[in-house]
Structure formats: C-alpha cells, structure tokens
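Data block below; observations after.
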Amino acid sequence: MGLLTNLARGLVRGADRMAEFTSKRGPRSHNKGRGARKLGYLTLGGKFIKIKEMVPEFVVPNLTGFKLKPYVSYKTPKGTEPPLTAKQLFMDVVAPQIEKDIKGGTFDPHNLEKYGYESTQEGKLFQLFPKNYVR
Amino acid sequence: MRLTALLAMAARMKLPPDYRHGIYRPWTAAAKANNPPGLRRKKVFVEPISKEDWKVFRGDTVEILTGKDARKQGVVNQVIRARNWVFVQGLNTHYHYIRRTANYPGTYIANEAPLLLRQIALVDPTDRKPTEVEWRYTEEGERVRVSLRTGRIIPLPVYQRRDGIIPEQWKDGPKDTSVDDVLDRTYQPSLKLFEEEILELQGIVETRRARKSYWY
C-alpha cells in the first residue's frame, strides 16, 4: 500500500513508508548490496578467499553454421510441440533397444545397466537425486 | 524471485475484480492515470455475453440503430468486450477542440464514442440492411454467422494486424530465421543430461566430486 493508494483515499500525507530501503537511499555510510551471491568465503583473519569454481563462467559454443537467428519469420505457422516427459524419452531411446534384445533373445533383466539404468547416484558428477546441478 | 514468475507477472496485468474498463486499454498510461490502485467506483452493469456467442469483430460492417447517427453504416474499428462496446469508424462522434499554441493554429478533432451491442446490427451483404445474426454450423462443420432474415452466411472479416504486417507478403530480414529452419526438428533424444553433453563436446574432464553434505 504505497503513497498513491493513501492519496486516493485522501487521508495521509508524506513519504512512502512502505517503500523498500535499498542501497540507493540513506546516508553515505549506508552500504548494502543488492542480492549478489558470495564468490568464496571469509577467513578468520579477515581475508576473503575467492573460489574459482563459484565464479560463473559462460561456456559459449562455436556458432559457425548455426541456422537459428534471434527472430522468427512471420510466415511460420502457429503450433506447439508436446512437452518432453520421462515416459516419452524412455519410449524414444530405451524401448527400441530392449525390443531388439528381446527379439534377439539376449535380454537379461539383471543387466539393465546397458540400457542406461543407474542403480545408485554415488560417484556421479551430476546426480539426479538429490539434484546437485542448478538447471 | 524466480525468473519465470517475474516474466509471468510482466506478461499479464492483474486487474482488481471491480475494475471499470474505459476507452483506454488497461496497460496504457491514460488508463493507469484514471484508475490508480485502490480506486473504487460505482459498479457498471454489463450484459454477460460468452466468448462463443460474440458476433461482432473488427472490420465488420455494421449499421447503427439508435442515436445521432442512426441508420448509418460503418466499419468497426475497435471492440471492447468487457463493456460490450463497439467503435464504428467516423460515426457517433463528438468533437474535441485542441487549443492553439505558438506553433499550432488550433483545431477540432472528431472522437468516436462507444456504442453498445444493442445499438448495433450486423449488415446482410445481399440487401445491405441490418439483420439478426446467429452462429450455426455448415455441412462441412465450420462455424459461421447466418443472417436470420435471408439465411445468407456473413463471412468473418479478414484479420488485419494492427502493425500492418501481412504474413504472406513478409520478406525475411537478416535476423529472421526462415520457416524451414524453424520447423526443422534437430533434437536427438538421449539419456545424457544437458550438462554432461556440454562437458563432452567442450572436452572438459572433471574428476573431482562434490563433498557429501546432509540436511534434515
């Protein structure tokens, strides 16, 4: 409820008390950040140690021969693709391999690792559960 | 907050339930000046017409039944469904004087006033007279507007974009992706995560693993 609502009611005069007190306001001694995350840790001596892995780095691939451009032509017809679900991914990638093996007679229910089954997430860099990557 | 939430907020304006829709669209500066947040006005009663029952569209020829410009026909310029309003080009106007300044002599400008759906009737193309219209289905299953007096189908007006672009005549610029490139499906489904694929393509080898952490 800012200044405008109260003016519309015609009751209260003065500054907007509910506005956020950001780093742009206050005296010179008021020094606060705007929510950037720390890139390392502070030691007991007061020194800040930056960790290179915490600094974000943009990995840009080589875009020669890349056909997609920033904008889309007006002539394209409207439409959507069905969203990719886990079931759809399984049917596209794993199911044909399992079918081929069953028909060939080499299907082994105890050796599902060759179709991509992971019995444990230990030792993996990007673990699915508990998720340890940002995306 | 989450980027997706912020974008969703920016895309759709949240209006209060008793918002009075005026001549200006809610996201314009004039509408925001007339309707500051916290404003409560007397309720305007609007005849509820569902989206499927709506018959008048931009570009239609309609005849005005009552008012100053009665029995005149015109093309619909703008439709505001929230108030059942229709603006007909050049008709039902009032004049607004723009005062003269040092560089400008001063002139009258005609502004169209909105007309309710009750004061409007669609025009039958055969005899060019106003008729009652109904939505019906053809033999093929297409939903069309049919004039009740003569039974003739009133075709929907051709949809023209406000920015004047005709998609069929559009010439692709240097920053436009062509239609074939857009519709080309190059996705190869794989069980690898996006991050793992990028590591492989860039040739990055990561042997370190994160320390195990626990939370409760």
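Each chain in the structure tokens gets a letter, A, B and so on, in the order shown; residues start at 1 in every chain, and ligands are counted from 1 in the order they appear.
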
Once you count only C-alpha atoms, which residues of chain B turn out to be within 9 Å of chain A? Could you give them as number ranges by chain? B: 36-39, 165-183, 189-191, 193, 195-196, 198, 201-202, 206-210

Quick one: pick out all strand (DSSP E) residues within stretch 42-170 of chain B from a backbone DSSP run and write them as a PyMOL selection string. chain B and resi 61-64+72-80+85-88+93-98+107-112+115-116+120-123+130-131+133-137+143-147+153-154

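Candidate residues B:Phe45, B:Tyr187, B:Trp215, B:Tyr159 were compared for distance to B:Ala82, and the nearest is B:Phe45, using only C-alpha atoms.
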
Counting only C-alpha atoms, which of B:Val79, B:Ile109, B:Ile153, B:Leu116 gets nearest to B:Thr66?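 The closest residue to B:Thr66 is B:Leu116.
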
Please indicate the distance in Å from atom CA of B:Glu63 to atom CA of B:Trp135, rounded to one decimal place.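 Atom CA of B:Trp135 lies at a distance of 18.9 Å from atom CA of B:Glu63.
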
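Considering only C-alpha atoms, the residue among B:Arg118, B:Arg145, B:Arg152, B:Arg211 positioned nearest to B:Gly67 is B:Arg118.
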
Residues of stretch 22-106 of chain B classed as helix (DSSP H, G or I) by DSSP on the backbone are to be reported as a ChimeraX atom specification. /B:29-34,81-83

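Ranking B:Asp53, B:Glu112, B:Asp60, B:Glu197 by their shortest atom-to-atom distance to B:Asn92, with only C-alpha atoms included, puts B:Glu112 first.
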
How many Å lie between atom CA of B:Arg149 and atom CA of B:Thr131, rounded to one decimal? 6.5 Å

Near B:Arg71, counting only C-alpha atoms, which residues have an atom at most 12 Å away, once you skip same-chain residues fewer than 4 positions from it, shown as a list in words?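 Once the nearby chain positions are removed, what remains is Val62, Glu63, Ile64, Leu65, Thr66, Gly67, Leu91, Asn92, Gln119, Ile120, Ala121, Leu122, Val123, Arg128, Lys129 and Pro130 of chain B.
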
For the selection you just gave me, I'd like the residues written to a file as a PDB file, in the first residue's frame, keeping N, CA, C and O atoms.
```
ATOM      1  N   VAL B  62     -21.303  -2.678 -39.878  1.00  0.00           N
ATOM      2  CA  VAL B  62     -22.483  -2.693 -39.005  1.00  0.00           C
ATOM      3  C   VAL B  62     -23.308  -1.446 -39.285  1.00  0.00           C
ATOM      4  O   VAL B  62     -22.811  -0.454 -39.823  1.00  0.00           O
ATOM      5  N   GLU B  63     -24.595  -1.514 -38.883  1.00  0.00           N
ATOM      6  CA  GLU B  63     -25.471  -0.349 -39.005  1.00  0.00           C
ATOM      7  C   GLU B  63     -25.864   0.079 -37.603  1.00  0.00           C
ATOM      8  O   GLU B  63     -26.186  -0.761 -36.753  1.00  0.00           O
ATOM      9  N   ILE B  64     -25.855   1.401 -37.396  1.00  0.00           N
ATOM     10  CA  ILE B  64     -26.222   1.929 -36.074  1.00  0.00           C
ATOM     11  C   ILE B  64     -27.733   2.107 -36.057  1.00  0.00           C
ATOM     12  O   ILE B  64     -28.322   2.667 -36.986  1.00  0.00           O
ATOM     13  N   LEU B  65     -28.403   1.617 -35.001  1.00  0.00           N
ATOM     14  CA  LEU B  65     -29.856   1.619 -34.961  1.00  0.00           C
ATOM     15  C   LEU B  65     -30.415   2.854 -34.270  1.00  0.00           C
ATOM     16  O   LEU B  65     -31.444   3.376 -34.667  1.00  0.00           O
ATOM     17  N   THR B  66     -29.731   3.291 -33.203  1.00  0.00           N
ATOM     18  CA  THR B  66     -30.266   4.430 -32.436  1.00  0.00           C
ATOM     19  C   THR B  66     -29.170   5.455 -32.251  1.00  0.00           C
ATOM     20  O   THR B  66     -27.991   5.148 -32.364  1.00  0.00           O
ATOM     21  N   GLY B  67     -29.569   6.650 -31.941  1.00  0.00           N
ATOM     22  CA  GLY B  67     -28.581   7.673 -31.619  1.00  0.00           C
ATOM     23  C   GLY B  67     -28.503   8.726 -32.702  1.00  0.00           C
ATOM     24  O   GLY B  67     -29.324   8.814 -33.604  1.00  0.00           O
ATOM     25  N   LEU B  91     -18.289   7.422 -37.029  1.00  0.00           N
ATOM     26  CA  LEU B  91     -19.696   7.632 -36.664  1.00  0.00           C
ATOM     27  C   LEU B  91     -19.838   7.744 -35.151  1.00  0.00           C
ATOM     28  O   LEU B  91     -18.988   7.285 -34.408  1.00  0.00           O
ATOM     29  N   ASN B  92     -20.951   8.377 -34.733  1.00  0.00           N
ATOM     30  CA  ASN B  92     -21.213   8.609 -33.318  1.00  0.00           C
ATOM     31  C   ASN B  92     -20.072   9.400 -32.693  1.00  0.00           C
ATOM     32  O   ASN B  92     -19.496   9.025 -31.685  1.00  0.00           O
ATOM     33  N   GLN B 119     -27.180  -1.318 -29.719  1.00  0.00           N
ATOM     34  CA  GLN B 119     -27.416  -0.215 -30.662  1.00  0.00           C
ATOM     35  C   GLN B 119     -26.837  -0.508 -32.033  1.00  0.00           C
ATOM     36  O   GLN B 119     -26.822   0.340 -32.913  1.00  0.00           O
ATOM     37  N   ILE B 120     -26.351  -1.722 -32.206  1.00  0.00           N
ATOM     38  CA  ILE B 120     -25.611  -2.115 -33.415  1.00  0.00           C
ATOM     39  C   ILE B 120     -26.325  -3.302 -34.033  1.00  0.00           C
ATOM     40  O   ILE B 120     -26.888  -4.122 -33.306  1.00  0.00           O
ATOM     41  N   ALA B 121     -26.299  -3.405 -35.372  1.00  0.00           N
ATOM     42  CA  ALA B 121     -26.765  -4.643 -36.009  1.00  0.00           C
ATOM     43  C   ALA B 121     -25.851  -4.930 -37.184  1.00  0.00           C
ATOM     44  O   ALA B 121     -25.456  -4.014 -37.915  1.00  0.00           O
ATOM     45  N   LEU B 122     -25.542  -6.201 -37.350  1.00  0.00           N
ATOM     46  CA  LEU B 122     -24.695  -6.582 -38.489  1.00  0.00           C
ATOM     47  C   LEU B 122     -25.469  -6.399 -39.778  1.00  0.00           C
ATOM     48  O   LEU B 122     -26.697  -6.550 -39.807  1.00  0.00           O
ATOM     49  N   VAL B 123     -24.747  -6.089 -40.843  1.00  0.00           N
ATOM     50  CA  VAL B 123     -25.384  -5.796 -42.129  1.00  0.00           C
ATOM     51  C   VAL B 123     -25.332  -7.036 -43.017  1.00  0.00           C
ATOM     52  O   VAL B 123     -24.289  -7.666 -43.150  1.00  0.00           O
ATOM     53  N   ARG B 128     -28.024  -5.331 -47.925  1.00  0.00           N
ATOM     54  CA  ARG B 128     -27.376  -4.248 -47.182  1.00  0.00           C
ATOM     55  C   ARG B 128     -28.324  -3.590 -46.199  1.00  0.00           C
ATOM     56  O   ARG B 128     -28.401  -2.372 -46.084  1.00  0.00           O
ATOM     57  N   LYS B 129     -29.051  -4.441 -45.465  1.00  0.00           N
ATOM     58  CA  LYS B 129     -29.932  -3.939 -44.418  1.00  0.00           C
ATOM     59  C   LYS B 129     -29.535  -4.630 -43.109  1.00  0.00           C
ATOM     60  O   LYS B 129     -28.979  -5.727 -43.147  1.00  0.00           O
ATOM     61  N   PRO B 130     -29.841  -4.020 -41.967  1.00  0.00           N
ATOM     62  CA  PRO B 130     -29.461  -4.675 -40.699  1.00  0.00           C
ATOM     63  C   PRO B 130     -30.285  -5.932 -40.453  1.00  0.00           C
ATOM     64  O   PRO B 130     -31.471  -5.982 -40.801  1.00  0.00           O
TER      65      PRO B 130
END
```

Which one is closest to B:Leu117: B:Thr101, B:Gln188, B:Thr93, B:Asn84? Count only C-alpha atoms.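 Going through B:Thr101, B:Gln188, B:Thr93, B:Asn84 one by one, the smallest distance to B:Leu117 is for B:Asn84.
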
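Using only C-alpha atoms for every distance, the candidate list B:Trp27, B:Asn34, B:Thr138, B:Arg83 yields B:Arg83 as the residue closest to B:Pro48.
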
One decimal, Å: what's the distance from atom CA of B:Ser147 over to atom CA of B:Ile49, could you say? 18.9 Å
